[in-house]
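J.: Have a look at this one before I ask anything.
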Amino acid sequence: MASSIKYSYTLWSPADTVRDVAEGLGIVNLPEDVAKALAMDIEYRINEVLEQATKFMKHSKRTSLTTADISNAFRVLNIEPLYGYDSARPLRFREAILGPGQTLYYIDDDEVDFEKIINMPLPKVPREVSFTAHWLAIEGVQPAIPQNPLPAESRTSMATSGNTSAEVEVKPLVKHALSRELQLYFERVVTVLTEDSSNGTMKNAVLNSLGNDPGLHQLIPYFIQFVAEKIRLNLRDASMLYLMLQVLHRLLTNPTIFIEPYIHSVMPPILTLLVGKRLGSSQSSNEDHYQVRDFAASLLQQVCTQYGDTYHTLKPRVTRTLLKAFMDSSKSIGTQYGALSGLRAIGPEVIRVLVLGNLKDWAVVISSASSVTDEDKSRLGKAVLEGLRALIDPEVATMDEVGDSDKEKFKEFVGPEVAKLVFEVDDWEVIVKAVLDSQKFS
């Protein structure tokens, strides 16, 4: 009987393997048919695990099965994983001869002395994980920063790797994109614009060159950076600020320069001179900084007119910045004047939608402020009048007589302060009619 079922349909021997395990668990006299059934079920389970593990191996692009694949297969099949075999080191098997034809293979485990482990000094505390970002290369050129290798190290590594061909070229750290002529031109222009000894004729010649000469496209980012830096460092020098605005104006009007990609860099200097808290020195007259703000407003109008359709977010972003400065009562008079001039430069629609509705409350705050001088009030009044005149449409403007009811509506809408200011000018009827028409009162 035993010889007829010595081997089952599997590789397992019920008489040897299953019976030995059963005896180890205290089960004696295990029937032969039970051992055979257990052996067949064990082989089915092992094949199932090996199939899943093989899938993990193939998806990992490997040709050797690892214990990690078996553990993943156990997890997929919802089987409790094996503990103690998750190691990256290869397992070392030893051979033991139990008897004639009986060979036992076992894992050679290292003996560990607990006393030695307990007395060992503690390892150093590992450093916390941190991340930092740096430029590895910019346009194929590695910047000279501590994170990047030095040029000498790069050449040494290429030499040690065996690549000593003469065709290998190490790019310099600085990419010389400008010709020598353009570098000399830029240096000469900067010298003339910054030196006090330069006379007006030389500066005018430089400005005419910037506004008419072709071939200056490569210098555009350098000139814009130069203007932004000079404005940042010379906010107390009104003449220098006005000169830098002239440089921007010439660059914007040069027909041979494609300045559209640099509009995002042109706007910060213009807005700085529009809403800056204080421009010019204390010794200079107020007329100087008002001229600077008017010039900046004209440049803003030019930029919005030419590039407002290309950059759809240009006008909304600038309008939001200027309106915030205009409605902030804590801002200086110069800032509010520049903000109002800038809003007028963007277009009459901005005046109609955003300024008219806030004009009454704004005028009350300005008239009640004790720190506002009569000269500043006069300047702000002129800016308000220019903003209201922007609503006048010459094509549809009518010369109908403005009645008392229209005057009352206008006074109630803009406030008594602004109404008094408007009624004192010669074209007050046209202004009143334009404001009422824009608000659909008449």
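Ligands are numbered from 1 in the order shown, chains are lettered A, B, ... in the order of the structure tokens, and residues start at 1 in each chain.
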Would you mind listing what lies within 12 Å of A:Ala390 as an NGL selection string, with only C-alpha atoms counted and same-chain residues fewer than 6 positions away left out?

T.: :A and (341 or 343-352 or 355-356 or 383-384 or 430-431 or 434-435 or 438)

J.: Enumerate, as a PyMOL selection string, the complete set of residues in stretch 176-396 of chain A that a backbone-based DSSP assignment places in helix (DSSP H, G or I).

T.: chain A and resi 180-194+200-212+217-233+238-253+260-275+286-307+314-327+333-346+348-368+374-389

J.: Have a look at atom CA of A:Arg75 and atom CA of A:Ala39 and let me know their distance in Å, one decimal.

T.: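 Pair atom CA of A:Arg75 / atom CA of A:Ala39 returns 23.1 Å.
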
J.: Can you tell me how far atom CA of A:Ala238 sits from atom CA of A:Lys331, in Å to one decimal?

T.: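 Atom CA of A:Lys331 lies at a distance of 19.8 Å from atom CA of A:Ala238.
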
J.: Please, which residues in stretch 240-276 of chain A fall within 10 Å of stretch 305-327 of chain A when counting only C-alpha atoms, and what is the closest atom pair and distance in Å to one decimal for each, ordered by chain then residue number, as CSV?

T.:
residue,atom,partner,partner_atom,distance
A:Leu252,CA,A:Gln306,CA,9.7
A:Glu260,CA,A:Tyr307,CA,7.3
A:Ile263,CA,A:Tyr307,CA,8.2
A:His264,CA,A:Leu314,CA,8.7
A:Met267,CA,A:Val318,CA,8.7
A:Pro268,CA,A:Val318,CA,10.0
A:Leu271,CA,A:Val318,CA,8.2
A:Leu274,CA,A:Leu322,CA,8.7
A:Val275,CA,A:Ala325,CA,7.1
A:Gly276,CA,A:Ala325,CA,9.8

J.: Go ahead and save the residues from that selection, with C-alpha atoms, as a PDB file, in the first residue's frame.

T.:
ATOM      1  CA  LEU A 252       9.195 101.890 -26.731  1.00  0.00           C
ATOM      2  CA  GLU A 260       6.868  93.093 -26.613  1.00  0.00           C
ATOM      3  CA  ILE A 263       6.752  94.442 -21.242  1.00  0.00           C
ATOM      4  CA  HIS A 264       6.567  92.581 -17.925  1.00  0.00           C
ATOM      5  CA  MET A 267       5.944  97.945 -16.047  1.00  0.00           C
ATOM      6  CA  PRO A 268       7.563  97.860 -12.540  1.00  0.00           C
ATOM      7  CA  LEU A 271       4.427 101.939 -11.672  1.00  0.00           C
ATOM      8  CA  LEU A 274       3.507 106.580 -10.575  1.00  0.00           C
ATOM      9  CA  VAL A 275       2.656 105.547  -7.020  1.00  0.00           C
ATOM     10  CA  GLY A 276       5.962 106.116  -5.256  1.00  0.00           C
TER      11      GLY A 276
END

J.: Excluding A:Gln147 and its own-chain neighbours fewer than 5 positions away, which residues fall within 12 Å of it when counting only C-alpha atoms? Please give them as an MDAnalysis selection string.

T.: chainID A and resid 132:137 142

J.: Which neighbours of stretch 175-192 of chain A fall inside 10 Å, counting only C-alpha atoms, when residues of the same chain fewer than 2 positions from it are skipped, and could you give them as a PyMOL selection string?

T.: chain A and resi 138-141+171-173+194-200+202-207+209-210+215-216+218-219+222-223+226-227

J.: Quick one, how far is atom CA of A:Asn212 from atom CA of A:Leu233?

T.: 27.8 Å

J.: Might you pull out every residue within 12 Å of A:Arg45, with only C-alpha atoms counted and same-chain residues fewer than 5 positions away left off, and present them as a short mmCIF file (atom, residue, chain, number, x, y, z; two decimals) with N, CA, C and O atoms, in the first residue's frame?

T.:
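And here is the file that came out, out27.cif:
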data_model
loop_
_atom_site.label_atom_id
_atom_site.label_comp_id
_atom_site.auth_asym_id
_atom_site.auth_seq_id
_atom_site.Cartn_x
_atom_site.Cartn_y
_atom_site.Cartn_z
N THR A 10 2.38 15.28 -7.30
CA THR A 10 3.22 16.45 -7.08
C THR A 10 4.65 16.00 -6.85
O THR A 10 4.99 14.83 -6.89
N LEU A 38 -3.13 16.58 1.31
CA LEU A 38 -2.41 17.78 1.79
C LEU A 38 -1.27 18.14 0.86
O LEU A 38 -1.02 19.32 0.57
N ALA A 39 -0.55 17.14 0.35
CA ALA A 39 0.57 17.41 -0.54
C ALA A 39 0.11 18.08 -1.83
O ALA A 39 0.73 19.01 -2.35
N MET A 40 -1.02 17.59 -2.37
CA MET A 40 -1.54 18.19 -3.61
C MET A 40 -2.02 19.62 -3.38
O MET A 40 -1.82 20.50 -4.22
N LEU A 50 4.00 31.33 -6.69
CA LEU A 50 5.08 31.52 -7.64
C LEU A 50 4.60 32.26 -8.89
O LEU A 50 5.35 33.05 -9.49
N GLU A 51 3.39 32.01 -9.33
CA GLU A 51 2.87 32.74 -10.50
C GLU A 51 2.76 34.23 -10.21
O GLU A 51 3.16 35.06 -11.03
N GLN A 52 2.22 34.59 -9.03
CA GLN A 52 2.13 36.01 -8.69
C GLN A 52 3.51 36.63 -8.51
O GLN A 52 3.78 37.76 -8.94
N ALA A 73 3.67 38.82 -3.52
CA ALA A 73 2.66 37.82 -3.89
C ALA A 73 1.80 37.45 -2.70
O ALA A 73 0.57 37.29 -2.81
N PHE A 74 2.40 37.31 -1.52
CA PHE A 74 1.63 37.03 -0.32
C PHE A 74 0.63 38.15 -0.03
O PHE A 74 -0.52 37.89 0.37
N LEU A 77 -2.32 37.89 -2.45
CA LEU A 77 -3.17 36.74 -2.16
C LEU A 77 -3.75 36.76 -0.76
O LEU A 77 -4.40 35.79 -0.35
N ILE A 79 -2.23 36.60 2.15
CA ILE A 79 -1.61 35.59 2.99
C ILE A 79 -0.65 36.29 3.94
O ILE A 79 0.02 37.27 3.58
#

J.: Excluding A:Leu248 and its own-chain neighbours fewer than 4 positions away, which residues fall within 12 Å of it when counting only C-alpha atoms? Please give them as a PyMOL selection string.

T.: chain A and resi 207+210-211+220-221+223-228+231+241-244+252-254+259+262-263+265-270+295-296+298-300+302-303
